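So this block is query-v1.csv, CSV, C-alpha atoms (C1' of nucleotides):
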```
chain,number,residue,atom,x,y,z
A,984,MET,CA,-137.0,-11.6,13.5
A,985,MET,CA,-134.0,-13.4,14.4
A,986,GLU,CA,-131.1,-12.5,12.3
A,987,SER,CA,-130.1,-9.2,10.8
A,988,ALA,CA,-127.0,-11.3,11.3
A,989,GLY,CA,-124.0,-10.4,9.3
A,990,TRP,CA,-124.1,-6.6,9.2
A,991,GLN,CA,-122.6,-6.4,12.7
A,992,GLU,CA,-119.5,-8.4,11.7
A,993,GLN,CA,-119.4,-6.4,8.5
A,994,LEU,CA,-119.3,-3.2,10.3
A,995,SER,CA,-116.6,-4.1,12.9
A,996,ARG,CA,-114.6,-5.7,10.1
A,997,VAL,CA,-114.5,-2.3,8.4
A,998,GLY,CA,-113.7,-0.7,11.7
A,999,VAL,CA,-116.9,1.2,12.2
A,1000,ARG,CA,-119.0,1.3,15.4
A,1001,LEU,CA,-122.0,-0.8,16.1
A,1002,THR,CA,-124.5,1.8,17.2
A,1003,THR,CA,-128.2,1.5,18.0
A,1004,SER,CA,-129.1,3.9,15.2
A,1005,ARG,CA,-127.4,1.7,12.7
A,1006,GLU,CA,-129.1,-1.3,14.2
A,1007,ILE,CA,-132.5,0.3,13.9
A,1008,VAL,CA,-131.9,1.1,10.2
A,1009,ALA,CA,-130.6,-2.3,9.5
A,1010,ASN,CA,-133.6,-3.9,11.1
A,1011,ILE,CA,-136.0,-1.8,9.2
A,1012,LEU,CA,-134.4,-2.8,5.9
A,1013,HIS,CA,-134.3,-6.4,7.0
A,1014,ASP,CA,-138.0,-6.4,7.9
A,1015,THR,CA,-139.4,-5.1,4.6
A,1016,GLN,CA,-139.9,-6.2,1.1
A,1017,ARG,CA,-140.7,-2.6,0.0
A,1018,HIS,CA,-138.5,0.0,-1.6
A,1019,LEU,CA,-138.1,2.5,1.1
A,1020,SER,CA,-136.8,6.0,0.7
A,1021,ALA,CA,-134.6,7.6,3.4
A,1022,GLU,CA,-137.7,9.4,4.8
A,1023,ASP,CA,-139.7,6.2,4.8
A,1024,ILE,CA,-137.0,4.6,6.9
A,1025,PHE,CA,-136.7,7.7,9.1
A,1026,ILE,CA,-140.4,7.5,9.9
A,1027,ARG,CA,-140.2,3.9,10.9
A,1028,ALA,CA,-137.0,4.6,12.9
A,1029,VAL,CA,-138.7,7.3,14.9
A,1030,GLN,CA,-141.3,4.7,16.1
A,1031,VAL,CA,-138.4,2.8,17.6
A,1032,ASN,CA,-136.4,5.7,18.9
A,1033,PRO,CA,-138.1,9.1,18.8
A,1034,SER,CA,-134.8,10.9,19.2
A,1035,ILE,CA,-133.2,9.6,16.0
A,1036,GLY,CA,-132.4,12.2,13.4
A,1037,LEU,CA,-133.0,12.1,9.6
A,1038,THR,CA,-129.4,13.0,9.1
A,1039,THR,CA,-128.3,9.9,11.0
A,1040,VAL,CA,-130.5,7.7,8.8
A,1041,TYR,CA,-128.9,9.2,5.8
A,1042,ARG,CA,-125.5,8.6,7.2
A,1043,ALA,CA,-126.2,5.0,8.1
A,1044,LEU,CA,-127.6,4.4,4.6
A,1045,GLU,CA,-124.6,5.9,3.0
A,1046,LEU,CA,-122.3,3.8,5.2
A,1047,PHE,CA,-124.2,0.6,4.4
A,1048,THR,CA,-124.2,1.4,0.7
A,1049,ASP,CA,-120.4,2.0,0.8
A,1050,ILE,CA,-119.8,-1.3,2.6
A,1051,GLY,CA,-122.0,-3.1,0.2
A,1052,ILE,CA,-124.7,-4.4,2.5
A,1053,VAL,CA,-127.3,-2.1,1.1
A,1054,GLN,CA,-128.0,-1.1,-2.5
A,1055,LYS,CA,-129.2,2.4,-3.4
A,1056,PHE,CA,-131.6,2.8,-6.3
A,1057,ASP,CA,-133.0,5.6,-8.3
A,1058,PHE,CA,-136.3,4.9,-9.9
A,1059,GLY,CA,-136.8,8.3,-11.3
A,1060,ASP,CA,-139.2,9.9,-8.8
A,1061,GLY,CA,-136.6,12.2,-7.3
A,1062,LYS,CA,-135.8,10.3,-4.1
A,1063,ALA,CA,-133.4,7.4,-3.6
A,1064,ARG,CA,-134.6,4.0,-2.4
A,1065,TYR,CA,-132.7,1.5,-0.4
A,1066,GLU,CA,-132.7,-2.3,-0.2
A,1067,LEU,CA,-130.6,-4.9,1.4
A,1068,ALA,CA,-128.1,-6.1,-1.2
A,1069,SER,CA,-129.2,-9.2,-2.8
A,1070,ASP,CA,-126.4,-11.4,-1.7
A,1071,HIS,CA,-127.0,-10.6,1.9
A,1072,HIS,CA,-129.4,-11.9,4.5
A,1073,ASN,CA,-132.8,-13.0,3.3
A,1074,ALA,CA,-132.9,-10.8,0.2
A,1075,GLU,CA,-133.4,-12.7,-3.0
A,1076,HIS,CA,-131.8,-11.7,-6.3
A,1077,HIS,CA,-134.3,-9.8,-8.2
A,1078,HIS,CA,-134.9,-6.8,-10.5
A,1079,HIS,CA,-137.5,-4.1,-10.9
A,1080,LEU,CA,-140.3,-3.2,-13.2
A,1081,ILE,CA,-141.2,0.5,-12.9
A,1082,CYS,CA,-144.4,2.2,-14.0
A,1083,ILE,CA,-143.3,5.4,-15.6
A,1084,LYS,CA,-146.7,7.0,-14.8
A,1085,CYS,CA,-147.5,6.1,-11.2
A,1086,LYS,CA,-144.0,5.1,-10.3
A,1087,LYS,CA,-145.2,1.8,-8.8
A,1088,ILE,CA,-142.3,-0.6,-8.4
A,1089,ILE,CA,-142.6,-4.4,-8.8
A,1090,ASN,CA,-140.0,-6.9,-8.0
A,1091,TYR,CA,-139.5,-9.8,-10.4
A,1092,ASP,CA,-137.2,-12.8,-10.4
A,1093,ASP,CA,-138.2,-14.5,-13.6
A,1094,PHE,CA,-135.3,-15.8,-15.7
A,1095,VAL,CA,-132.8,-14.8,-13.0
A,1096,GLN,CA,-131.0,-18.0,-13.6
A,1097,GLU,CA,-130.4,-17.3,-17.3
A,1098,GLU,CA,-129.8,-13.7,-16.5
A,1099,LEU,CA,-127.2,-14.5,-13.9
A,1100,GLU,CA,-125.4,-16.7,-16.4
A,1101,LEU,CA,-125.4,-14.0,-19.0
A,1102,MET,CA,-124.4,-11.3,-16.5
A,1103,LYS,CA,-121.6,-13.4,-15.2
A,1104,LYS,CA,-120.3,-13.9,-18.7
A,1105,THR,CA,-120.7,-10.2,-19.4
A,1106,GLU,CA,-119.1,-9.2,-16.2
A,1107,LYS,CA,-116.1,-11.3,-17.0
A,1108,ALA,CA,-115.7,-9.9,-20.4
A,1109,LEU,CA,-116.1,-6.3,-19.3
A,1110,SER,CA,-113.8,-6.7,-16.4
A,1111,LYS,CA,-111.1,-7.9,-18.7
A,1112,LYS,CA,-111.8,-5.4,-21.5
A,1113,HIS,CA,-112.1,-2.3,-19.4
A,1114,HIS,CA,-110.1,-3.4,-16.4
A,1115,PHE,CA,-113.0,-2.9,-14.1
A,1116,LYS,CA,-113.6,-4.7,-10.9
A,1117,ILE,CA,-117.4,-5.1,-11.2
A,1118,MET,CA,-119.3,-5.1,-7.9
A,1119,HIS,CA,-122.9,-5.4,-9.0
A,1120,HIS,CA,-125.4,-4.7,-11.7
A,1121,ILE,CA,-129.0,-3.5,-11.9
A,1122,ILE,CA,-131.7,-4.1,-14.5
A,1123,HIS,CA,-134.7,-1.9,-14.7
A,1124,PHE,CA,-137.7,-2.4,-17.0
A,1125,TYR,CA,-139.7,0.7,-17.5
A,1126,GLY,CA,-143.3,0.6,-18.8
A,1127,ILE,CA,-146.9,1.4,-18.1
A,1128,CYS,CA,-148.8,-0.7,-15.5
A,1129,GLU,CA,-152.2,-2.1,-15.9
A,1130,HIS,CA,-153.8,0.6,-13.9
A,1131,CYS,CA,-152.2,3.5,-15.8
A,1132,ARG,CA,-153.1,2.5,-19.4
B,229,MET,CA,-123.3,15.4,-39.3
B,230,MET,CA,-126.1,15.4,-41.6
B,231,GLU,CA,-129.4,14.2,-40.1
B,232,SER,CA,-130.8,14.7,-36.7
B,233,ALA,CA,-133.5,13.4,-39.0
B,234,GLY,CA,-136.5,11.9,-37.4
B,235,TRP,CA,-137.1,14.0,-34.4
B,236,GLN,CA,-138.8,16.7,-36.4
B,237,GLU,CA,-141.4,14.3,-37.6
B,238,GLN,CA,-141.7,12.8,-34.2
B,239,LEU,CA,-142.5,16.2,-32.7
B,240,SER,CA,-145.1,17.3,-35.3
B,241,ARG,CA,-146.7,13.9,-35.0
B,242,VAL,CA,-147.2,14.5,-31.3
B,243,GLY,CA,-148.5,18.0,-32.1
B,244,VAL,CA,-145.6,19.9,-30.7
B,245,ARG,CA,-143.8,22.8,-32.3
B,246,LEU,CA,-140.5,22.6,-34.0
B,247,THR,CA,-138.5,25.4,-32.4
B,248,THR,CA,-134.9,26.4,-32.6
B,249,SER,CA,-134.3,25.7,-29.0
B,250,ARG,CA,-135.4,22.1,-29.4
B,251,GLU,CA,-133.4,21.8,-32.6
B,252,ILE,CA,-130.3,23.0,-30.7
B,253,VAL,CA,-130.8,20.5,-28.0
B,254,ALA,CA,-131.5,17.7,-30.4
B,255,ASN,CA,-128.4,18.5,-32.4
B,256,ILE,CA,-126.2,18.5,-29.3
B,257,LEU,CA,-127.4,15.1,-28.3
B,258,HIS,CA,-127.0,13.9,-31.8
B,259,ASP,CA,-123.4,15.1,-32.0
B,260,THR,CA,-122.1,13.5,-28.9
B,261,GLN,CA,-121.2,10.1,-27.6
B,262,ARG,CA,-120.9,11.4,-24.1
B,263,HIS,CA,-123.4,11.3,-21.3
B,264,LEU,CA,-124.4,14.9,-20.9
B,265,SER,CA,-126.2,16.4,-18.0
B,266,ALA,CA,-128.8,19.2,-18.5
B,267,GLU,CA,-126.1,21.7,-17.6
B,268,ASP,CA,-123.6,20.2,-19.9
B,269,ILE,CA,-126.2,20.6,-22.7
B,270,PHE,CA,-127.1,24.1,-21.6
B,271,ILE,CA,-123.4,25.2,-21.8
B,272,ARG,CA,-123.2,23.9,-25.3
B,273,ALA,CA,-126.5,25.3,-26.3
B,274,VAL,CA,-125.4,28.8,-25.2
B,275,GLN,CA,-122.5,28.6,-27.6
B,276,VAL,CA,-125.1,28.3,-30.4
B,277,ASN,CA,-127.6,30.7,-29.0
B,278,PRO,CA,-126.5,32.8,-26.1
B,279,SER,CA,-130.1,33.7,-25.2
B,280,ILE,CA,-131.3,30.2,-24.5
B,281,GLY,CA,-132.3,29.5,-20.9
B,282,LEU,CA,-131.5,26.5,-18.7
B,283,THR,CA,-135.2,26.1,-18.1
B,284,THR,CA,-135.8,25.6,-21.8
B,285,VAL,CA,-133.2,23.0,-22.0
B,286,TYR,CA,-134.8,21.1,-19.1
B,287,ARG,CA,-138.2,21.4,-20.8
B,288,ALA,CA,-136.9,20.1,-24.1
B,289,LEU,CA,-135.2,17.2,-22.4
B,290,GLU,CA,-138.4,16.3,-20.6
B,291,LEU,CA,-140.4,16.5,-23.8
B,292,PHE,CA,-137.9,14.4,-25.7
B,293,THR,CA,-137.9,11.9,-22.9
B,294,ASP,CA,-141.6,11.7,-22.8
B,295,ILE,CA,-141.9,11.2,-26.5
B,296,GLY,CA,-139.2,8.5,-26.3
B,297,ILE,CA,-136.5,10.0,-28.5
B,298,VAL,CA,-134.3,10.6,-25.5
B,299,GLN,CA,-133.5,8.4,-22.6
B,300,LYS,CA,-132.8,9.9,-19.1
B,301,PHE,CA,-130.3,8.2,-16.9
B,302,ASP,CA,-129.3,8.4,-13.3
B,303,PHE,CA,-125.8,7.1,-12.6
B,304,GLY,CA,-125.8,8.1,-9.0
B,305,ASP,CA,-123.9,11.3,-9.0
B,306,GLY,CA,-126.8,13.5,-8.3
B,307,LYS,CA,-127.6,14.8,-11.8
B,308,ALA,CA,-129.5,13.2,-14.6
B,309,ARG,CA,-127.8,12.4,-17.9
B,310,TYR,CA,-129.4,12.3,-21.3
B,311,GLU,CA,-128.8,10.2,-24.4
B,312,LEU,CA,-130.6,9.7,-27.7
B,313,ALA,CA,-132.7,6.6,-27.3
B,314,SER,CA,-131.0,3.6,-28.8
B,315,ASP,CA,-133.6,2.9,-31.4
B,316,HIS,CA,-133.3,6.3,-32.9
B,317,HIS,CA,-130.8,7.9,-35.2
B,318,ASN,CA,-127.3,6.8,-35.1
B,319,ALA,CA,-127.4,5.7,-31.5
B,320,GLU,CA,-126.4,2.0,-31.0
B,321,HIS,CA,-128.0,-0.2,-28.4
B,322,HIS,CA,-125.6,-0.3,-25.5
B,323,HIS,CA,-125.4,-0.2,-21.8
B,324,HIS,CA,-123.2,1.3,-19.1
B,325,LEU,CA,-120.3,0.5,-16.9
B,326,ILE,CA,-120.0,3.0,-14.0
B,327,CYS,CA,-117.1,3.6,-11.7
B,328,ILE,CA,-118.5,4.1,-8.2
B,329,LYS,CA,-115.5,6.1,-7.2
B,330,CYS,CA,-114.8,8.6,-10.0
B,331,LYS,CA,-118.2,8.2,-11.7
B,332,LYS,CA,-116.6,7.6,-15.1
B,333,ILE,CA,-119.1,6.1,-17.5
B,334,ILE,CA,-118.2,3.6,-20.2
B,335,ASN,CA,-120.5,2.4,-22.9
B,336,TYR,CA,-120.4,-1.2,-23.8
B,337,ASP,CA,-122.1,-3.3,-26.3
B,338,ASP,CA,-120.7,-6.7,-25.7
B,339,PHE,CA,-123.2,-9.6,-25.7
B,340,VAL,CA,-126.0,-7.2,-26.8
B,341,GLN,CA,-127.3,-9.9,-29.1
B,342,GLU,CA,-127.7,-12.4,-26.4
B,343,GLU,CA,-128.8,-9.8,-24.0
B,344,LEU,CA,-131.5,-8.6,-26.4
B,345,GLU,CA,-132.8,-12.1,-26.8
B,346,LEU,CA,-133.0,-12.6,-23.1
B,347,MET,CA,-134.5,-9.2,-22.5
B,348,LYS,CA,-137.1,-9.8,-25.2
B,349,LYS,CA,-138.1,-13.1,-23.6
B,350,THR,CA,-138.2,-11.5,-20.2
B,351,GLU,CA,-140.2,-8.5,-21.4
B,352,LYS,CA,-142.7,-10.9,-22.9
B,353,ALA,CA,-143.1,-12.8,-19.7
B,354,LEU,CA,-143.2,-9.8,-17.5
B,355,SER,CA,-145.8,-8.0,-19.7
B,356,LYS,CA,-148.0,-11.0,-19.4
B,357,LYS,CA,-147.5,-11.7,-15.8
B,358,HIS,CA,-147.8,-8.1,-14.5
B,359,HIS,CA,-149.9,-6.6,-17.3
B,360,PHE,CA,-147.2,-4.1,-18.0
B,361,LYS,CA,-146.6,-2.5,-21.4
B,362,ILE,CA,-142.8,-2.4,-21.3
B,363,MET,CA,-141.2,0.4,-23.1
B,364,HIS,CA,-137.5,0.0,-22.4
B,365,HIS,CA,-134.9,-1.4,-20.0
B,366,ILE,CA,-131.6,-0.4,-18.7
B,367,ILE,CA,-128.6,-2.4,-17.5
B,368,HIS,CA,-125.9,-0.8,-15.4
B,369,PHE,CA,-122.8,-2.4,-14.1
B,370,TYR,CA,-121.2,-0.8,-11.1
B,371,GLY,CA,-117.6,-1.3,-10.2
B,372,ILE,CA,-114.2,0.3,-9.8
B,373,CYS,CA,-112.2,1.4,-12.7
B,374,GLU,CA,-108.6,0.7,-13.4
B,375,HIS,CA,-107.6,4.2,-12.4
B,376,CYS,CA,-109.4,4.1,-9.0
B,377,ARG,CA,-108.1,0.8,-7.6
C,115,DA,C1',-150.8,39.0,-42.1
C,116,DT,C1',-152.8,37.8,-37.6
C,117,DG,C1',-154.3,36.1,-33.4
C,118,DA,C1',-154.9,32.1,-30.4
C,119,DA,C1',-152.1,28.5,-28.6
C,120,DA,C1',-147.7,27.1,-27.3
C,121,DA,C1',-143.0,28.1,-26.0
C,122,DT,C1',-139.5,30.9,-23.7
C,123,DG,C1',-136.5,33.1,-20.1
C,124,DA,C1',-135.7,35.0,-15.6
C,125,DA,C1',-136.5,34.7,-11.1
C,126,DA,C1',-138.5,32.5,-7.3
C,127,DC,C1',-139.3,28.3,-5.4
C,128,DC,C1',-139.1,23.3,-3.9
C,129,DC,C1',-137.2,19.6,-1.6
C,130,DA,C1',-134.0,15.6,-1.2
C,131,DT,C1',-129.6,15.4,0.5
C,132,DT,C1',-125.3,17.3,2.6
C,133,DT,C1',-122.6,20.1,5.5
C,134,DT,C1',-121.6,22.4,9.8
C,135,DC,C1',-120.9,22.5,14.4
C,136,DA,C1',-121.6,21.8,19.1
C,137,DT,C1',-122.7,17.9,22.0
C,138,DA,C1',-122.8,13.1,23.3
C,139,DT,C1',-121.2,8.4,23.0
C,140,DT,C1',-117.9,4.8,22.4
C,141,DT,C1',-113.5,2.5,22.8
C,142,DG,C1',-109.1,1.3,24.2
C,143,DA,C1',-105.1,2.5,26.8
C,144,DA,C1',-103.4,3.4,31.3
D,620,DT,C1',-112.5,2.1,36.3
D,621,DT,C1',-111.2,6.3,34.3
D,622,DC,C1',-110.1,9.4,30.8
D,623,DA,C1',-109.0,11.2,26.5
D,624,DA,C1',-109.1,10.7,21.7
D,625,DA,C1',-111.9,9.1,18.1
D,626,DT,C1',-116.2,8.5,16.3
D,627,DA,C1',-121.2,9.3,16.0
D,628,DT,C1',-125.3,12.1,16.6
D,629,DG,C1',-129.0,15.8,16.0
D,630,DA,C1',-130.5,20.3,14.8
D,631,DA,C1',-130.2,23.8,11.8
D,632,DA,C1',-128.4,25.9,7.9
D,633,DA,C1',-126.7,25.3,3.4
D,634,DT,C1',-126.5,23.2,-1.2
D,635,DG,C1',-127.9,22.3,-5.6
D,636,DG,C1',-130.5,19.8,-9.1
D,637,DG,C1',-134.8,20.5,-11.0
D,638,DT,C1',-139.5,22.8,-11.3
D,639,DT,C1',-143.0,26.5,-11.2
D,640,DT,C1',-144.7,31.0,-12.1
D,641,DC,C1',-145.6,34.7,-14.9
D,642,DA,C1',-145.0,38.2,-18.2
D,643,DT,C1',-143.3,38.2,-22.9
D,644,DT,C1',-142.2,36.3,-27.4
D,645,DT,C1',-142.6,33.0,-31.1
D,646,DT,C1',-145.1,29.7,-34.0
D,647,DC,C1',-148.4,28.2,-37.2
D,648,DA,C1',-153.0,27.5,-39.2
D,649,DT,C1',-156.1,30.4,-41.2
```

Serialized structure, structure tokens:
Amino acid sequence: MMESAGWQEQLSRVGVRLTTSREIVANILHDTQRHLSAEDIFIRAVQVNPSIGLTTVYRALELFTDIGIVQKFDFGDGKARYELASDHHNAEHHHHLICIKCKKIINYDDFVQEELELMKKTEKALSKKHHFKIMHHIIHFYGICEHCR
Amino acid sequence: MMESAGWQEQLSRVGVRLTTSREIVANILHDTQRHLSAEDIFIRAVQVNPSIGLTTVYRALELFTDIGIVQKFDFGDGKARYELASDHHNAEHHHHLICIKCKKIINYDDFVQEELELMKKTEKALSKKHHFKIMHHIIHFYGICEHCR
DNA sequence: ATGAAAATGAAACCCATTTTCATATTTGAA
DNA sequence: TTCAAATATGAAAATGGGTTTCATTTTCAT
């Protein structure tokens, strides 16, 4: 998979070291479309380097989230999920549809164009009104999936 | 504040008992504009009835959430927050602006009209496409507040 | 009033995440 | 290159929301 390009520069720009652990985590996120938990990522990381620790995975994820190359989500099942931020790499802007029964998560990107326009407008207004520097937004739809009816 | 009206009927309709614990929790939620955690609610509940247990508060909140009269949120600070659902009682439809540093939460209701239209359209499309029965949605904006810059 | 069903409280438990701390790795200055 | 300071890592222990268990109490239809 050629490029997980970008995150390296991002790290060094922030003055943080480019380590193999971090590269492994970045690659795992880069190579999936799924919504992985820290443990999911850890399990995959161990395949690459059996000596990696869960703690390190957590730390890499926290770092990436702080820098802004990863977005952390809570879908209500008690564990956080991580995805590459939508404005990085090959990740497309999208949102989530969550089944409140089985917790299945579906990505969708319908109406993103309209949504982005409205969000941009809203962001602008909110920034001004509340003096916030807005970094990103999330939209979650909760419902019951076909299978759980 | 006169009525926490509505929740009683809602409970009995679902075949659940109307207890004083539940009333206390419902009233606390009804009387605040804040975004209370289970413990916040517990602390206030104890003022009313010192013998109430934290467990009971959690159970009432879970029940209310399941029934749909309360909405549970995760703003990323490790504890869930609860609000009356926006289509009940005196609660207005609104969304949240969250400071990623100090975790302050601000309600906003700008552009809700446009937002609701877009959301309705999106919900319809998503329902059809993914065979989901959509119950509700959330929108969170994350950024840095004036004070934390 | 009364008993079966449902709700409660305290304590024990669970489990994702964080912290601690001793060790190892990286980097830049000499 | 070499070395020391800064940074990163892993294992184990700790933390802390939230949940489960179980014995007791409350509710409500009869």

With all atoms listed in the file considered, list every residue of chain B at most 8 Å from chain C, as a compact mmCIF listing (two decimals) with C-alpha atoms, in the frame of the given file.
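Result file iface.txt:
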```
# COMPACT_ATOMS: atom_id res chain seq x y z
CA ARG B 245 -143.80 22.80 -32.30
CA ILE B 280 -131.30 30.20 -24.50
CA GLY B 281 -132.30 29.50 -20.90
CA THR B 283 -135.20 26.10 -18.10
CA THR B 284 -135.80 25.60 -21.80
```

**Message:** Please report the interatomic distance between atom CA of Phe1056 of chain A and atom CA of Tyr1091 of chain A in Å with one decimal.
**Reply:**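 These atoms are spaced 15.4 Å apart.
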
Fit target chain B, mobile chain A, all Cα in order, as a short mmCIF file (atom, residue, chain, number, x, y, z; two decimals) with C-alpha atoms, in the coordinates of the input:
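Output contents, as saved in result-v4.cif:
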```cif
data_model
loop_
_atom_site.label_atom_id
_atom_site.label_comp_id
_atom_site.auth_asym_id
_atom_site.auth_seq_id
_atom_site.Cartn_x
_atom_site.Cartn_y
_atom_site.Cartn_z
CA MET A 984 -123.99 16.38 -39.66
CA MET A 985 -126.73 15.61 -41.90
CA GLU A 986 -129.59 14.04 -40.18
CA SER A 987 -131.00 14.62 -36.74
CA ALA A 988 -133.75 13.35 -38.98
CA GLY A 989 -136.72 11.84 -37.33
CA TRP A 990 -137.21 13.99 -34.23
CA GLN A 991 -138.95 16.69 -36.30
CA GLU A 992 -141.63 14.27 -37.57
CA GLN A 993 -141.83 12.87 -34.07
CA LEU A 994 -142.55 16.16 -32.60
CA SER A 995 -145.23 17.32 -35.11
CA ARG A 996 -146.77 13.86 -34.89
CA VAL A 997 -147.30 14.48 -31.17
CA GLY A 998 -148.55 17.93 -31.94
CA VAL A 999 -145.72 19.90 -30.45
CA ARG A 1000 -143.87 22.82 -32.10
CA LEU A 1001 -140.63 22.59 -33.93
CA THR A 1002 -138.65 25.35 -32.30
CA THR A 1003 -135.00 26.35 -32.69
CA SER A 1004 -134.31 25.64 -29.02
CA ARG A 1005 -135.48 22.12 -29.43
CA GLU A 1006 -133.44 21.81 -32.57
CA ILE A 1007 -130.32 22.99 -30.82
CA VAL A 1008 -130.79 20.42 -28.02
CA ALA A 1009 -131.50 17.69 -30.42
CA ASN A 1010 -128.39 18.46 -32.39
CA ILE A 1011 -126.24 18.52 -29.37
CA LEU A 1012 -127.44 15.07 -28.33
CA HIS A 1013 -127.05 13.83 -31.87
CA ASP A 1014 -123.46 15.09 -32.08
CA THR A 1015 -122.07 13.41 -28.95
CA GLN A 1016 -121.18 10.05 -27.69
CA ARG A 1017 -120.89 11.39 -24.09
CA HIS A 1018 -123.36 11.31 -21.26
CA LEU A 1019 -124.32 14.87 -20.92
CA SER A 1020 -126.12 16.40 -18.00
CA ALA A 1021 -128.71 19.18 -18.54
CA GLU A 1022 -126.03 21.79 -17.67
CA ASP A 1023 -123.56 20.22 -20.04
CA ILE A 1024 -126.10 20.57 -22.81
CA PHE A 1025 -127.02 24.09 -21.68
CA ILE A 1026 -123.40 25.15 -22.00
CA ARG A 1027 -123.10 23.82 -25.48
CA ALA A 1028 -126.49 25.36 -26.40
CA VAL A 1029 -125.36 28.78 -25.30
CA GLN A 1030 -122.47 28.60 -27.86
CA VAL A 1031 -125.13 28.26 -30.52
CA ASN A 1032 -127.64 30.71 -29.17
CA PRO A 1033 -126.49 32.86 -26.25
CA SER A 1034 -130.05 33.75 -25.34
CA ILE A 1035 -131.21 30.21 -24.61
CA GLY A 1036 -132.24 29.53 -21.05
CA LEU A 1037 -131.39 26.53 -18.80
CA THR A 1038 -135.05 26.13 -18.10
CA THR A 1039 -135.77 25.68 -21.80
CA VAL A 1040 -133.12 22.95 -22.05
CA TYR A 1041 -134.73 21.20 -19.20
CA ARG A 1042 -138.08 21.48 -20.81
CA ALA A 1043 -136.89 20.20 -24.15
CA LEU A 1044 -135.19 17.25 -22.42
CA GLU A 1045 -138.28 16.42 -20.53
CA LEU A 1046 -140.36 16.61 -23.72
CA PHE A 1047 -137.93 14.38 -25.62
CA THR A 1048 -137.82 11.89 -22.77
CA ASP A 1049 -141.66 11.77 -22.68
CA ILE A 1050 -141.86 11.20 -26.44
CA GLY A 1051 -139.25 8.55 -26.25
CA ILE A 1052 -136.54 10.02 -28.42
CA VAL A 1053 -134.24 10.62 -25.52
CA GLN A 1054 -133.48 8.43 -22.51
CA LYS A 1055 -132.78 9.93 -19.08
CA PHE A 1056 -130.30 8.19 -16.82
CA ASP A 1057 -129.22 8.43 -13.27
CA PHE A 1058 -125.76 7.22 -12.58
CA GLY A 1059 -125.71 8.16 -8.99
CA ASP A 1060 -123.75 11.44 -9.00
CA GLY A 1061 -126.77 13.61 -8.30
CA LYS A 1062 -127.47 14.94 -11.79
CA ALA A 1063 -129.41 13.30 -14.61
CA ARG A 1064 -127.78 12.44 -17.93
CA TYR A 1065 -129.39 12.30 -21.29
CA GLU A 1066 -128.81 10.24 -24.43
CA LEU A 1067 -130.57 9.70 -27.65
CA ALA A 1068 -132.68 6.56 -27.26
CA SER A 1069 -131.01 3.63 -28.68
CA ASP A 1070 -133.49 2.82 -31.34
CA HIS A 1071 -133.26 6.25 -32.80
CA HIS A 1072 -130.86 7.91 -35.18
CA ASN A 1073 -127.26 6.80 -35.04
CA ALA A 1074 -127.30 5.63 -31.43
CA GLU A 1075 -126.31 2.03 -30.98
CA HIS A 1076 -127.83 -0.25 -28.35
CA HIS A 1077 -125.54 -0.29 -25.48
CA HIS A 1078 -125.27 -0.29 -21.66
CA HIS A 1079 -123.11 1.34 -19.05
CA LEU A 1080 -120.34 0.44 -16.71
CA ILE A 1081 -120.05 2.97 -13.86
CA CYS A 1082 -117.09 3.54 -11.57
CA ILE A 1083 -118.57 3.98 -8.16
CA LYS A 1084 -115.52 6.04 -7.07
CA CYS A 1085 -114.83 8.51 -9.87
CA LYS A 1086 -118.18 8.14 -11.51
CA LYS A 1087 -116.57 7.58 -14.93
CA ILE A 1088 -119.08 6.08 -17.34
CA ILE A 1089 -118.17 3.58 -20.10
CA ASN A 1090 -120.39 2.38 -22.79
CA TYR A 1091 -120.27 -1.30 -23.71
CA ASP A 1092 -122.07 -3.38 -26.30
CA ASP A 1093 -120.62 -6.79 -25.65
CA PHE A 1094 -123.14 -9.64 -25.69
CA VAL A 1095 -125.93 -7.27 -26.72
CA GLN A 1096 -127.16 -9.87 -29.07
CA GLU A 1097 -127.63 -12.51 -26.35
CA GLU A 1098 -128.83 -9.85 -24.01
CA LEU A 1099 -131.44 -8.62 -26.43
CA GLU A 1100 -132.71 -12.16 -26.85
CA LEU A 1101 -132.96 -12.66 -23.14
CA MET A 1102 -134.53 -9.23 -22.57
CA LYS A 1103 -137.05 -9.83 -25.27
CA LYS A 1104 -138.02 -13.10 -23.69
CA THR A 1105 -138.16 -11.44 -20.29
CA GLU A 1106 -140.10 -8.53 -21.55
CA LYS A 1107 -142.68 -10.83 -23.00
CA ALA A 1108 -143.07 -12.79 -19.89
CA LEU A 1109 -143.31 -9.75 -17.64
CA SER A 1110 -145.70 -8.00 -19.90
CA LYS A 1111 -148.03 -10.93 -19.71
CA LYS A 1112 -147.55 -11.60 -15.99
CA HIS A 1113 -147.87 -8.07 -14.75
CA HIS A 1114 -149.87 -6.61 -17.59
CA PHE A 1115 -147.23 -4.06 -18.32
CA LYS A 1116 -146.57 -2.47 -21.61
CA ILE A 1117 -142.74 -2.39 -21.42
CA MET A 1118 -141.08 0.52 -23.23
CA HIS A 1119 -137.41 -0.01 -22.49
CA HIS A 1120 -134.89 -1.40 -20.10
CA ILE A 1121 -131.51 -0.34 -18.71
CA ILE A 1122 -128.59 -2.37 -17.40
CA HIS A 1123 -125.96 -0.81 -15.27
CA PHE A 1124 -122.78 -2.51 -14.03
CA TYR A 1125 -121.26 -0.81 -11.08
CA GLY A 1126 -117.62 -1.38 -10.07
CA ILE A 1127 -114.24 0.16 -9.54
CA CYS A 1128 -112.20 1.29 -12.60
CA GLU A 1129 -108.61 0.64 -13.18
CA HIS A 1130 -107.58 4.05 -12.08
CA CYS A 1131 -109.49 4.00 -8.78
CA ARG A 1132 -108.22 0.67 -7.34
#
```

Please identify every residue of chain D that has at least one atom no farther than 9 Å from an atom of chain A, counting only C-alpha atoms (C1' of nucleotides), and for each give the shortest atom pair and the distance in Å to one decimal, arranged by chain then increasing number, as CSV.
```
residue,atom,partner,partner_atom,distance
D:DT626,C1',A:Arg1000,CA,7.8
D:DA627,C1',A:Thr1002,CA,8.3
D:DT628,C1',A:Thr1039,CA,6.7
D:DG629,C1',A:Gly1036,CA,5.6
D:DA630,C1',A:Gly1036,CA,8.4
```
